[in-house]
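Below is the file coords18.pdb, which contains PDB, C-alpha atoms.
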ATOM      1  CA  MET A 262      56.832  69.189 102.202  1.00  0.00           C
ATOM      2  CA  ARG A 263      59.623  71.675 101.543  1.00  0.00           C
ATOM      3  CA  ASP A 264      62.564  72.318 103.805  1.00  0.00           C
ATOM      4  CA  ALA A 265      62.329  76.084 103.454  1.00  0.00           C
ATOM      5  CA  GLN A 266      59.641  78.546 102.536  1.00  0.00           C
ATOM      6  CA  PRO A 267      60.022  80.835  99.528  1.00  0.00           C
ATOM      7  CA  MET A 268      60.439  84.554 100.018  1.00  0.00           C
ATOM      8  CA  GLY A 269      57.112  86.196 100.756  1.00  0.00           C
ATOM      9  CA  GLY A 270      55.409  82.843 101.287  1.00  0.00           C
ATOM     10  CA  TYR A 271      53.210  81.632 104.072  1.00  0.00           C
ATOM     11  CA  PRO A 272      54.713  80.475 107.358  1.00  0.00           C
ATOM     12  CA  LYS A 273      55.415  76.767 107.586  1.00  0.00           C
ATOM     13  CA  PHE A 274      53.391  75.300 110.462  1.00  0.00           C
ATOM     14  CA  GLY A 275      54.732  71.777 110.290  1.00  0.00           C
ATOM     15  CA  ALA A 276      56.155  68.958 108.236  1.00  0.00           C
ATOM     16  CA  VAL A 277      55.157  65.399 107.442  1.00  0.00           C
ATOM     17  CA  ILE A 278      57.660  62.701 108.357  1.00  0.00           C
ATOM     18  CA  GLU A 279      58.858  60.569 105.465  1.00  0.00           C
ATOM     19  CA  ALA A 280      57.192  57.468 106.896  1.00  0.00           C
ATOM     20  CA  ASP A 281      53.760  59.108 106.535  1.00  0.00           C
ATOM     21  CA  LEU A 282      54.084  60.728 103.106  1.00  0.00           C
ATOM     22  CA  TRP A 283      52.372  57.768 101.419  1.00  0.00           C
ATOM     23  CA  ARG A 284      49.431  58.104 103.814  1.00  0.00           C
ATOM     24  CA  LEU A 285      49.095  61.813 103.115  1.00  0.00           C
ATOM     25  CA  SER A 286      49.015  61.139  99.385  1.00  0.00           C
ATOM     26  CA  GLN A 287      46.056  58.746  99.832  1.00  0.00           C
ATOM     27  CA  ILE A 288      43.739  61.198 101.626  1.00  0.00           C
ATOM     28  CA  PRO A 289      40.710  62.080  99.517  1.00  0.00           C
ATOM     29  CA  ILE A 290      40.029  65.731  98.749  1.00  0.00           C
ATOM     30  CA  GLY A 291      37.928  67.367 101.453  1.00  0.00           C
ATOM     31  CA  ARG A 292      38.918  64.978 104.267  1.00  0.00           C
ATOM     32  CA  SER A 293      40.371  66.224 107.540  1.00  0.00           C
ATOM     33  CA  VAL A 294      44.004  65.750 108.471  1.00  0.00           C
ATOM     34  CA  ARG A 295      45.318  65.613 112.019  1.00  0.00           C
ATOM     35  CA  PHE A 296      48.961  66.347 112.720  1.00  0.00           C
ATOM     36  CA  ILE A 297      50.704  64.874 115.761  1.00  0.00           C
ATOM     37  CA  GLU A 298      54.007  66.236 116.994  1.00  0.00           C
ATOM     38  CA  VAL A 299      56.815  63.677 117.027  1.00  0.00           C
ATOM     39  CA  ASP A 300      60.491  63.976 117.783  1.00  0.00           C
ATOM     40  CA  TYR A 301      63.343  62.784 115.591  1.00  0.00           C
ATOM     41  CA  ALA A 302      63.609  59.367 117.273  1.00  0.00           C
ATOM     42  CA  GLN A 303      59.880  58.715 116.784  1.00  0.00           C
ATOM     43  CA  GLY A 304      60.143  59.704 113.131  1.00  0.00           C
ATOM     44  CA  ILE A 305      63.032  57.302 112.578  1.00  0.00           C
ATOM     45  CA  ALA A 306      61.158  54.520 114.413  1.00  0.00           C
ATOM     46  CA  ALA A 307      58.111  55.089 112.179  1.00  0.00           C
ATOM     47  CA  LEU A 308      60.299  54.921 109.077  1.00  0.00           C
ATOM     48  CA  ASP A 309      61.866  51.673 110.328  1.00  0.00           C
ATOM     49  CA  GLU A 310      58.379  50.220 110.805  1.00  0.00           C
ATOM     50  CA  VAL A 311      57.400  51.134 107.235  1.00  0.00           C
ATOM     51  CA  GLU A 312      60.630  49.585 105.939  1.00  0.00           C
ATOM     52  CA  ARG A 313      59.913  46.330 107.827  1.00  0.00           C
ATOM     53  CA  TYR A 314      56.392  46.282 106.360  1.00  0.00           C
ATOM     54  CA  LEU A 315      57.714  46.774 102.831  1.00  0.00           C
ATOM     55  CA  THR A 316      60.376  44.102 103.325  1.00  0.00           C
ATOM     56  CA  ARG A 317      57.731  41.592 104.451  1.00  0.00           C
ATOM     57  CA  GLY A 318      55.642  42.485 101.399  1.00  0.00           C
ATOM     58  CA  ARG A 319      58.583  41.974  99.055  1.00  0.00           C
ATOM     59  CA  GLU A 320      59.282  38.598 100.663  1.00  0.00           C
ATOM     60  CA  MET A 321      55.654  37.535 100.227  1.00  0.00           C
ATOM     61  CA  VAL A 322      55.698  38.558  96.552  1.00  0.00           C
ATOM     62  CA  ALA A 323      58.920  36.592  96.022  1.00  0.00           C
ATOM     63  CA  ILE A 324      57.375  33.496  97.621  1.00  0.00           C
ATOM     64  CA  ALA A 325      54.237  33.851  95.522  1.00  0.00           C
ATOM     65  CA  ARG A 326      56.305  34.170  92.354  1.00  0.00           C
ATOM     66  CA  LEU A 327      58.274  31.040  93.212  1.00  0.00           C
ATOM     67  CA  SER A 328      55.097  29.057  93.853  1.00  0.00           C
ATOM     68  CA  CYS A 329      53.600  30.170  90.526  1.00  0.00           C
ATOM     69  CA  THR A 330      56.688  29.398  88.442  1.00  0.00           C
ATOM     70  CA  PRO A 331      56.167  26.357  86.210  1.00  0.00           C
ATOM     71  CA  ALA A 332      58.599  23.504  86.834  1.00  0.00           C
TER      72      ALA A 332
END

Show the structure stored in the file as structure tokens.
Amino acid sequence: MRDAQPMGGYPKFGAVIEADLWRLSQIPIGRSVRFIEVDYAQGIAALDEVERYLTRGREMVAIARLSCTPA
């Protein structure tokens, strides 16, 4: 998850797009991970999809808060 490798380090074989970092952090220890090559446009599209999902979630929370607020 670094942009550059340190001197004397191991070669960097890939990177995880920002849209999938949350998924990577949820993988239990010992589980397999499969990497799929994507281009820049696909990475941006995936990030847009995550942003839409989060926006819908925020809207649902706001609605739930309004419905639970005493009058």

Could you list the residues chosen by the PyMOL selection byres ((chain A and resi 280) around 7) in this structure as an MDAnalysis selection string? chainID A and resid 278:279 281:282 307:308 311

Polymer residues at most 12 Å from Phe296 of chain A, all atoms listed in the file, same-chain spacing of 5 or more positions, as a ChimeraX atom specification: /A:274-278,281,285

Between atom CA of Pro272 of chain A and atom CA of Val294 of chain A, what is the spacing in Å? 18.2 Å

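Atom CA of Gly318 of chain A to atom CA of Arg284 of chain A spans 17.0 Å [interatomic distance, one decimal].
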
Please compute the atom CA of Arg295 of chain A-atom CA of Lys273 of chain A distance, one decimal, in Å.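 Atom CA of Lys273 of chain A lies 15.7 Å from atom CA of Arg295 of chain A.
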
Reconstructed segment 310-321 of chain A, atom set all heavy atoms, as a PDB file, keeping the file's coordinate frame:
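Generated output (selection-v6.pdb):
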ATOM      1  N   GLU A 310      59.574  51.068 110.855  1.00  0.00           N
ATOM      2  CA  GLU A 310      58.379  50.220 110.805  1.00  0.00           C
ATOM      3  C   GLU A 310      57.862  50.083 109.375  1.00  0.00           C
ATOM      4  O   GLU A 310      57.496  48.988 108.940  1.00  0.00           O
ATOM      5  CB  GLU A 310      57.299  50.809 111.705  1.00  0.00           C
ATOM      6  CG  GLU A 310      56.058  49.971 111.800  1.00  0.00           C
ATOM      7  CD  GLU A 310      55.014  50.588 112.719  1.00  0.00           C
ATOM      8  OE1 GLU A 310      55.385  51.341 113.642  1.00  0.00           O
ATOM      9  OE2 GLU A 310      53.828  50.294 112.506  1.00  0.00           O
ATOM     10  N   VAL A 311      57.838  51.177 108.634  1.00  0.00           N
ATOM     11  CA  VAL A 311      57.400  51.134 107.235  1.00  0.00           C
ATOM     12  C   VAL A 311      58.359  50.263 106.419  1.00  0.00           C
ATOM     13  O   VAL A 311      57.927  49.457 105.584  1.00  0.00           O
ATOM     14  CB  VAL A 311      57.293  52.555 106.643  1.00  0.00           C
ATOM     15  CG1 VAL A 311      57.102  52.514 105.136  1.00  0.00           C
ATOM     16  CG2 VAL A 311      56.157  53.322 107.297  1.00  0.00           C
ATOM     17  N   GLU A 312      59.648  50.400 106.660  1.00  0.00           N
ATOM     18  CA  GLU A 312      60.630  49.585 105.939  1.00  0.00           C
ATOM     19  C   GLU A 312      60.444  48.097 106.225  1.00  0.00           C
ATOM     20  O   GLU A 312      60.548  47.263 105.322  1.00  0.00           O
ATOM     21  CB  GLU A 312      62.053  50.023 106.288  1.00  0.00           C
ATOM     22  CG  GLU A 312      62.442  51.366 105.706  1.00  0.00           C
ATOM     23  CD  GLU A 312      62.447  51.386 104.187  1.00  0.00           C
ATOM     24  OE1 GLU A 312      62.731  50.337 103.562  1.00  0.00           O
ATOM     25  OE2 GLU A 312      62.148  52.446 103.622  1.00  0.00           O
ATOM     26  N   ARG A 313      60.165  47.740 107.483  1.00  0.00           N
ATOM     27  CA  ARG A 313      59.913  46.330 107.827  1.00  0.00           C
ATOM     28  C   ARG A 313      58.663  45.820 107.098  1.00  0.00           C
ATOM     29  O   ARG A 313      58.643  44.695 106.587  1.00  0.00           O
ATOM     30  CB  ARG A 313      59.758  46.156 109.339  1.00  0.00           C
ATOM     31  CG  ARG A 313      61.071  46.173 110.090  1.00  0.00           C
ATOM     32  CD  ARG A 313      60.906  45.734 111.537  1.00  0.00           C
ATOM     33  NE  ARG A 313      59.969  46.558 112.298  1.00  0.00           N
ATOM     34  CZ  ARG A 313      60.297  47.692 112.911  1.00  0.00           C
ATOM     35  NH1 ARG A 313      61.536  48.134 112.877  1.00  0.00           N
ATOM     36  NH2 ARG A 313      59.381  48.375 113.574  1.00  0.00           N
ATOM     37  N   TYR A 314      57.630  46.643 107.055  1.00  0.00           N
ATOM     38  CA  TYR A 314      56.392  46.282 106.360  1.00  0.00           C
ATOM     39  C   TYR A 314      56.661  46.038 104.872  1.00  0.00           C
ATOM     40  O   TYR A 314      56.202  45.044 104.300  1.00  0.00           O
ATOM     41  CB  TYR A 314      55.360  47.397 106.551  1.00  0.00           C
ATOM     42  CG  TYR A 314      54.099  47.218 105.754  1.00  0.00           C
ATOM     43  CD1 TYR A 314      53.106  46.348 106.177  1.00  0.00           C
ATOM     44  CD2 TYR A 314      53.897  47.925 104.570  1.00  0.00           C
ATOM     45  CE1 TYR A 314      51.943  46.183 105.443  1.00  0.00           C
ATOM     46  CE2 TYR A 314      52.747  47.761 103.830  1.00  0.00           C
ATOM     47  CZ  TYR A 314      51.774  46.896 104.271  1.00  0.00           C
ATOM     48  OH  TYR A 314      50.629  46.724 103.540  1.00  0.00           O
ATOM     49  N   LEU A 315      57.410  46.927 104.254  1.00  0.00           N
ATOM     50  CA  LEU A 315      57.714  46.774 102.831  1.00  0.00           C
ATOM     51  C   LEU A 315      58.589  45.550 102.576  1.00  0.00           C
ATOM     52  O   LEU A 315      58.398  44.845 101.583  1.00  0.00           O
ATOM     53  CB  LEU A 315      58.398  48.037 102.303  1.00  0.00           C
ATOM     54  CG  LEU A 315      57.512  49.280 102.238  1.00  0.00           C
ATOM     55  CD1 LEU A 315      58.332  50.499 101.842  1.00  0.00           C
ATOM     56  CD2 LEU A 315      56.349  49.081 101.294  1.00  0.00           C
ATOM     57  N   THR A 316      59.524  45.284 103.467  1.00  0.00           N
ATOM     58  CA  THR A 316      60.376  44.102 103.325  1.00  0.00           C
ATOM     59  C   THR A 316      59.539  42.830 103.396  1.00  0.00           C
ATOM     60  O   THR A 316      59.726  41.903 102.583  1.00  0.00           O
ATOM     61  CB  THR A 316      61.473  44.095 104.410  1.00  0.00           C
ATOM     62  OG1 THR A 316      62.284  45.259 104.236  1.00  0.00           O
ATOM     63  CG2 THR A 316      62.340  42.856 104.323  1.00  0.00           C
ATOM     64  N   ARG A 317      58.611  42.763 104.353  1.00  0.00           N
ATOM     65  CA  ARG A 317      57.731  41.592 104.451  1.00  0.00           C
ATOM     66  C   ARG A 317      56.898  41.433 103.178  1.00  0.00           C
ATOM     67  O   ARG A 317      56.706  40.320 102.679  1.00  0.00           O
ATOM     68  CB  ARG A 317      56.807  41.711 105.667  1.00  0.00           C
ATOM     69  CG  ARG A 317      57.487  41.417 106.974  1.00  0.00           C
ATOM     70  CD  ARG A 317      56.499  41.234 108.112  1.00  0.00           C
ATOM     71  NE  ARG A 317      55.494  42.270 108.221  1.00  0.00           N
ATOM     72  CZ  ARG A 317      55.577  43.362 108.980  1.00  0.00           C
ATOM     73  NH1 ARG A 317      56.633  43.551 109.732  1.00  0.00           N
ATOM     74  NH2 ARG A 317      54.604  44.246 109.018  1.00  0.00           N
ATOM     75  N   GLY A 318      56.413  42.533 102.638  1.00  0.00           N
ATOM     76  CA  GLY A 318      55.642  42.485 101.399  1.00  0.00           C
ATOM     77  C   GLY A 318      56.467  41.971 100.236  1.00  0.00           C
ATOM     78  O   GLY A 318      55.996  41.142  99.446  1.00  0.00           O
ATOM     79  N   ARG A 319      57.705  42.456 100.125  1.00  0.00           N
ATOM     80  CA  ARG A 319      58.583  41.974  99.055  1.00  0.00           C
ATOM     81  C   ARG A 319      58.851  40.474  99.195  1.00  0.00           C
ATOM     82  O   ARG A 319      58.893  39.750  98.195  1.00  0.00           O
ATOM     83  CB  ARG A 319      59.901  42.742  99.085  1.00  0.00           C
ATOM     84  CG  ARG A 319      59.785  44.170  98.610  1.00  0.00           C
ATOM     85  CD  ARG A 319      61.143  44.858  98.614  1.00  0.00           C
ATOM     86  NE  ARG A 319      60.965  46.280  98.478  1.00  0.00           N
ATOM     87  CZ  ARG A 319      61.165  47.167  99.454  1.00  0.00           C
ATOM     88  NH1 ARG A 319      61.593  46.772 100.640  1.00  0.00           N
ATOM     89  NH2 ARG A 319      60.958  48.445  99.245  1.00  0.00           N
ATOM     90  N   GLU A 320      59.049  40.029 100.430  1.00  0.00           N
ATOM     91  CA  GLU A 320      59.282  38.598 100.663  1.00  0.00           C
ATOM     92  C   GLU A 320      58.069  37.770 100.267  1.00  0.00           C
ATOM     93  O   GLU A 320      58.211  36.699  99.665  1.00  0.00           O
ATOM     94  CB  GLU A 320      59.643  38.361 102.133  1.00  0.00           C
ATOM     95  CG  GLU A 320      60.997  38.901 102.517  1.00  0.00           C
ATOM     96  CD  GLU A 320      61.247  38.901 104.008  1.00  0.00           C
ATOM     97  OE1 GLU A 320      60.315  38.600 104.795  1.00  0.00           O
ATOM     98  OE2 GLU A 320      62.386  39.223 104.402  1.00  0.00           O
ATOM     99  N   MET A 321      56.880  38.256 100.592  1.00  0.00           N
ATOM    100  CA  MET A 321      55.654  37.535 100.227  1.00  0.00           C
ATOM    101  C   MET A 321      55.487  37.467  98.712  1.00  0.00           C
ATOM    102  O   MET A 321      55.077  36.435  98.172  1.00  0.00           O
ATOM    103  CB  MET A 321      54.435  38.208 100.863  1.00  0.00           C
ATOM    104  CG  MET A 321      54.472  38.224 102.368  1.00  0.00           C
ATOM    105  SD  MET A 321      54.244  36.608 103.062  1.00  0.00           S
ATOM    106  CE  MET A 321      52.485  36.578 103.167  1.00  0.00           C
TER     107      MET A 321
END
